[in-house]
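Heads up, the thing below is written out as structure tokens.
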Amino acid sequence: FPSHDTPLFTFSGENDFQVTDITFDGNKANQTVGVNNLVITTSYSWEVIGCSFINAKAVSGYGSGIAVSDGQNDTLIYRSKIKDCFFENNDGAAIYINKEWFVDISGNLLKNNASGVSVLNYVFPPVSNVQNYLIIDKNTCVSNTKTGISVIGYIQGGTPLNPEWGPFVPQSREVIISNNNCKSNGTYGILYQGSNGIVSGNNCELNGASGSGGAGGGFCFNGYQSVLTNNTGTNNYNYGADCGGSYYSTISNNSFVISEGAGDIVTGK
């Protein structure tokens with residue numbers, strides 16, 4: 001069990017490895033410090049398959065089931081995978097992705113975490129194109145406190161206290177979010193912000209806590225030259241799809257039913 005703020009296991013600068021059929025238990029009820037269960041950094045061409053990640057503790061950050069960062073760039077087109085894994089009761093994101101390219105996240109069950117899949121590099125000044133060519137497909141995200149799946153990055157300037165929103169410094173590019181089922185998450189089922197991405201074939205149901213002050217719902221889509229298509233949303237609070245601030249994007253063939261609060265599709269900024 002962890003005794004300080006280091007993960008249970010770390011791969012750093014390691015390539016072409018596979019982790020299979022292991023349970024990583026952070027034992028958070030008996031810990032006083034924060035840890036991530038598994039950390040993979042500055043690595044490529046790896047696979048995590050059929051593992052369980054539970055009970056990671058957050059203190060001043062940390063608390064993720066898997067934290068992946070600082071991986072390959074566009075000169076190394078080797079895809080890595082997080083596949084068929086189980087995540088539950090982690091204080092942070094079940095899967096946290098920061099400055100990574102070419103990662104497939106598929107077939108996982110993520111429940112009762114702070115958030116499900118979180119792709120994030122929130123720094124000032126913002127840096128473009130640091131999280132590219134990700135595929136998030138066929139995952140189930142249920143009852144996470146925050147968002148089921150989030151790809152965050154619609155900041156083009158400003159400061160942390162006064163950010164300037166817009167599409168012209170896209171932190172994420174060419175991200176595909178497809179065929180996921182997100183239900184009963186606290187804010188959005190799926191939150192996508194980026195350039196040249198696709199959000200397609202997903203189902204979001206009962207997301208966005210009732211009475212949350214207008215935050216949350218089925219989908220948040222802040223896209224530049226991106227596509228939101230063939231998705232379904234049922235009984236989400238506040239929004240079916242919040243598409244404010246999108247530019248040169250296509251929103252088509254979606255079905256949103258009984259969205260409480262602001263409405264089914266909202267495009268105003």
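All residue names refer to the structure tokens as shown: chains lettered A, B, ... in order, residues numbered from 1 in each chain, ligands numbered from 1 in order.
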
Check which residues of range 37-127 of chain A sit at most 12 Å from range 149-161 of chain A using only C-alpha atoms, and return one row each with the closest pair of atoms and their distance in Å to one decimal, ordered by chain and rising number, as a tab-separated table.
residue	atom	partner	partner_atom	distance
A:Ala93	CA	A:Ile149	CA	9.7
A:Ala94	CA	A:Ile149	CA	10.1
A:Ile95	CA	A:Ile149	CA	9.5
A:Tyr96	CA	A:Ser150	CA	9.8
A:Ile97	CA	A:Val151	CA	9.2
A:Asn98	CA	A:Val151	CA	10.2
A:Lys99	CA	A:Val151	CA	11.8
A:Ile105	CA	A:Ile149	CA	10.9
A:Asn108	CA	A:Ile149	CA	11.8
A:Leu109	CA	A:Ile149	CA	11.8
A:Leu110	CA	A:Ile149	CA	9.8
A:Lys111	CA	A:Ile149	CA	11.6
A:Asn113	CA	A:Ile149	CA	11.6
A:Ala114	CA	A:Ile149	CA	11.2
A:Ser115	CA	A:Ile149	CA	7.4
A:Gly116	CA	A:Ile149	CA	5.6
A:Val117	CA	A:Ile149	CA	4.7
A:Ser118	CA	A:Ser150	CA	5.0
A:Val119	CA	A:Val151	CA	4.6
A:Leu120	CA	A:Ile152	CA	5.3
A:Asn121	CA	A:Gly153	CA	7.2
A:Tyr122	CA	A:Gly153	CA	7.0
A:Val123	CA	A:Pro160	CA	8.1
A:Phe124	CA	A:Thr159	CA	6.4
A:Pro125	CA	A:Gly157	CA	6.0
A:Pro126	CA	A:Gln156	CA	6.1
A:Val127	CA	A:Gln156	CA	8.4

Item to check | Residues near Asn231 in chain A, cut-off 10 Å, only C-alpha atoms, skip fewer than 6 positions along chain, as a list of chain:residue names | outcome: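 In the requested form, the answer reads A:Ser178, A:Asn179, A:Asn180, A:Val199, A:Ser200, A:Gly201, A:Asn202, A:Asn203, A:Cys204, A:Gly218, A:Phe219, A:Ala241, A:Ile251, A:Ser252, A:Asn253, A:Asn254, A:Ser255, A:Phe256.
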
Item to check | Proximity to Ser226 in chain A - best of A:Asp242, A:Glu174, A:Glu205, A:Glu164, only C-alpha atoms | outcome: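 Of all the options, A:Glu174 lies closest to Ser226 in chain A.
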
Next on the checklist: Can you pull out the residues contacting Phe9 in chain A? Cut-off 8 Å, using only C-alpha atoms, and skip same-chain residues under 2 positions away; I want them as a PyMOL selection string.
Outcome noted: chain A and resi 7+11+37-39

Checklist entry - How far is it from CA of Pro167 in chain A to CA of Cys220 in chain A, in Å with one decimal? => result 14.4 Å

Checklist entry - Looking at A:Asn55, A:Asn27, A:Asn222, A:Gln171, which one is nearest to Gly245 in chain A, with distances taken over only C-alpha atoms? => result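 Closest residue, counting only C-alpha atoms: A:Asn222.
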
Checklist entry - So how far away is CA of Gly26 in chain A from CA of Ala58 in chain A, in Å? => result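 CA of Gly26 in chain A lies at a distance of 10.1 Å from CA of Ala58 in chain A.
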
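Shortest atom-to-atom contact with Cys182 in chain A among A:Gly194, A:Gly223, A:Pro170, A:Gly233: A:Gly233, counting only C-alpha atoms.
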
Next on the checklist: Neighbouring residues of Ile198 in chain A were defined as those with any atom within 10 Å, considering only C-alpha atoms; residues of the same chain fewer than 5 positions away were excluded. Please report them as a PyMOL selection string.
Outcome noted: chain A and resi 135+173-178+192+223+225-229+249-250

Take the selection from the previous step and output its residues with N, CA, C and O atoms, as a PDB file, in the first residue's frame.
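out_24.pdb, freshly written:
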ATOM      1  N   ILE A 135      -8.748   7.981 -29.492  1.00  0.00           N
ATOM      2  CA  ILE A 135     -10.015   7.311 -29.780  1.00  0.00           C
ATOM      3  C   ILE A 135     -10.607   6.841 -28.454  1.00  0.00           C
ATOM      4  O   ILE A 135      -9.972   6.065 -27.726  1.00  0.00           O
ATOM      5  N   ARG A 173      -6.823  17.794 -30.879  1.00  0.00           N
ATOM      6  CA  ARG A 173      -7.155  17.726 -32.306  1.00  0.00           C
ATOM      7  C   ARG A 173      -7.315  16.270 -32.725  1.00  0.00           C
ATOM      8  O   ARG A 173      -6.629  15.380 -32.215  1.00  0.00           O
ATOM      9  N   GLU A 174      -8.247  16.034 -33.654  1.00  0.00           N
ATOM     10  CA  GLU A 174      -8.480  14.699 -34.206  1.00  0.00           C
ATOM     11  C   GLU A 174      -8.811  13.679 -33.111  1.00  0.00           C
ATOM     12  O   GLU A 174      -8.277  12.568 -33.076  1.00  0.00           O
ATOM     13  N   VAL A 175      -9.724  14.056 -32.223  1.00  0.00           N
ATOM     14  CA  VAL A 175     -10.205  13.143 -31.187  1.00  0.00           C
ATOM     15  C   VAL A 175     -11.540  12.554 -31.644  1.00  0.00           C
ATOM     16  O   VAL A 175     -12.431  13.275 -32.087  1.00  0.00           O
ATOM     17  N   ILE A 176     -11.692  11.244 -31.506  1.00  0.00           N
ATOM     18  CA  ILE A 176     -12.933  10.560 -31.836  1.00  0.00           C
ATOM     19  C   ILE A 176     -13.549  10.022 -30.550  1.00  0.00           C
ATOM     20  O   ILE A 176     -12.900   9.258 -29.812  1.00  0.00           O
ATOM     21  N   ILE A 177     -14.797  10.433 -30.280  1.00  0.00           N
ATOM     22  CA  ILE A 177     -15.554   9.931 -29.125  1.00  0.00           C
ATOM     23  C   ILE A 177     -16.788   9.240 -29.696  1.00  0.00           C
ATOM     24  O   ILE A 177     -17.693   9.898 -30.217  1.00  0.00           O
ATOM     25  N   SER A 178     -16.834   7.914 -29.633  1.00  0.00           N
ATOM     26  CA  SER A 178     -17.876   7.185 -30.352  1.00  0.00           C
ATOM     27  C   SER A 178     -18.410   5.997 -29.563  1.00  0.00           C
ATOM     28  O   SER A 178     -17.674   5.330 -28.823  1.00  0.00           O
ATOM     29  N   TYR A 192     -16.918  17.723 -24.980  1.00  0.00           N
ATOM     30  CA  TYR A 192     -15.870  17.742 -25.999  1.00  0.00           C
ATOM     31  C   TYR A 192     -15.522  19.178 -26.346  1.00  0.00           C
ATOM     32  O   TYR A 192     -16.386  19.995 -26.677  1.00  0.00           O
ATOM     33  N   GLY A 223     -16.820  22.901 -30.505  1.00  0.00           N
ATOM     34  CA  GLY A 223     -15.961  22.367 -31.541  1.00  0.00           C
ATOM     35  C   GLY A 223     -15.583  23.372 -32.603  1.00  0.00           C
ATOM     36  O   GLY A 223     -16.340  24.288 -32.932  1.00  0.00           O
ATOM     37  N   GLN A 225     -14.442  23.055 -36.566  1.00  0.00           N
ATOM     38  CA  GLN A 225     -14.375  22.115 -37.679  1.00  0.00           C
ATOM     39  C   GLN A 225     -14.566  20.678 -37.190  1.00  0.00           C
ATOM     40  O   GLN A 225     -13.822  19.767 -37.574  1.00  0.00           O
ATOM     41  N   SER A 226     -15.562  20.496 -36.342  1.00  0.00           N
ATOM     42  CA  SER A 226     -15.834  19.200 -35.734  1.00  0.00           C
ATOM     43  C   SER A 226     -17.263  18.757 -36.032  1.00  0.00           C
ATOM     44  O   SER A 226     -18.054  19.517 -36.585  1.00  0.00           O
ATOM     45  N   VAL A 227     -17.592  17.527 -35.627  1.00  0.00           N
ATOM     46  CA  VAL A 227     -18.878  16.931 -35.970  1.00  0.00           C
ATOM     47  C   VAL A 227     -19.522  16.328 -34.729  1.00  0.00           C
ATOM     48  O   VAL A 227     -18.871  15.578 -33.977  1.00  0.00           O
ATOM     49  N   LEU A 228     -20.811  16.658 -34.533  1.00  0.00           N
ATOM     50  CA  LEU A 228     -21.647  16.033 -33.506  1.00  0.00           C
ATOM     51  C   LEU A 228     -22.810  15.370 -34.235  1.00  0.00           C
ATOM     52  O   LEU A 228     -23.711  16.060 -34.734  1.00  0.00           O
ATOM     53  N   THR A 229     -22.804  14.043 -34.323  1.00  0.00           N
ATOM     54  CA  THR A 229     -23.797  13.384 -35.171  1.00  0.00           C
ATOM     55  C   THR A 229     -24.204  12.017 -34.629  1.00  0.00           C
ATOM     56  O   THR A 229     -23.408  11.329 -33.978  1.00  0.00           O
ATOM     57  N   SER A 249     -18.691  23.904 -37.572  1.00  0.00           N
ATOM     58  CA  SER A 249     -18.926  22.525 -37.191  1.00  0.00           C
ATOM     59  C   SER A 249     -20.284  22.046 -37.703  1.00  0.00           C
ATOM     60  O   SER A 249     -21.151  22.851 -38.045  1.00  0.00           O
ATOM     61  N   THR A 250     -20.473  20.737 -37.724  1.00  0.00           N
ATOM     62  CA  THR A 250     -21.710  20.125 -38.190  1.00  0.00           C
ATOM     63  C   THR A 250     -22.401  19.428 -37.032  1.00  0.00           C
ATOM     64  O   THR A 250     -21.789  18.595 -36.343  1.00  0.00           O
TER      65      THR A 250
END

Item to check | Close residues, Asp104 in chain A itself excluded, 12 Å, only C-alpha atoms, min 2 positions apart in chain, as number ranges by chain | outcome: A: 44-49, 78-84, 95, 97, 100-102, 106-108, 117, 132-139, 175-178

Next on the checklist: I'd like the contact shell of Ser184 in chain A - 8 Å cut-off, only C-alpha atoms, skipping same-chain residues fewer than 5 positions apart - returned as JSON, numbers by chain.
Outcome noted: {"A": [142, 143, 144, 189, 205, 206, 207, 208]}

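Taking CA of Ile77 in chain A as the reference point, CA of Gln193 in chain A is found at 23.1 Å.
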
Item to check | Which of range 62-196 of chain A fall in strand (DSSP E), as JSON, numbers by chain | outcome: {"A": [66, 67, 68, 69, 80, 81, 82, 83, 86, 87, 88, 93, 94, 95, 96, 97, 98, 103, 104, 105, 106, 109, 110, 111, 115, 116, 117, 118, 119, 120, 131, 132, 135, 136, 137, 140, 141, 142, 149, 150, 151, 152, 155, 156, 157, 158, 163, 164, 165, 172, 173, 176, 177, 178, 181, 182, 183, 188, 189, 190, 191, 192, 193, 194, 195]}
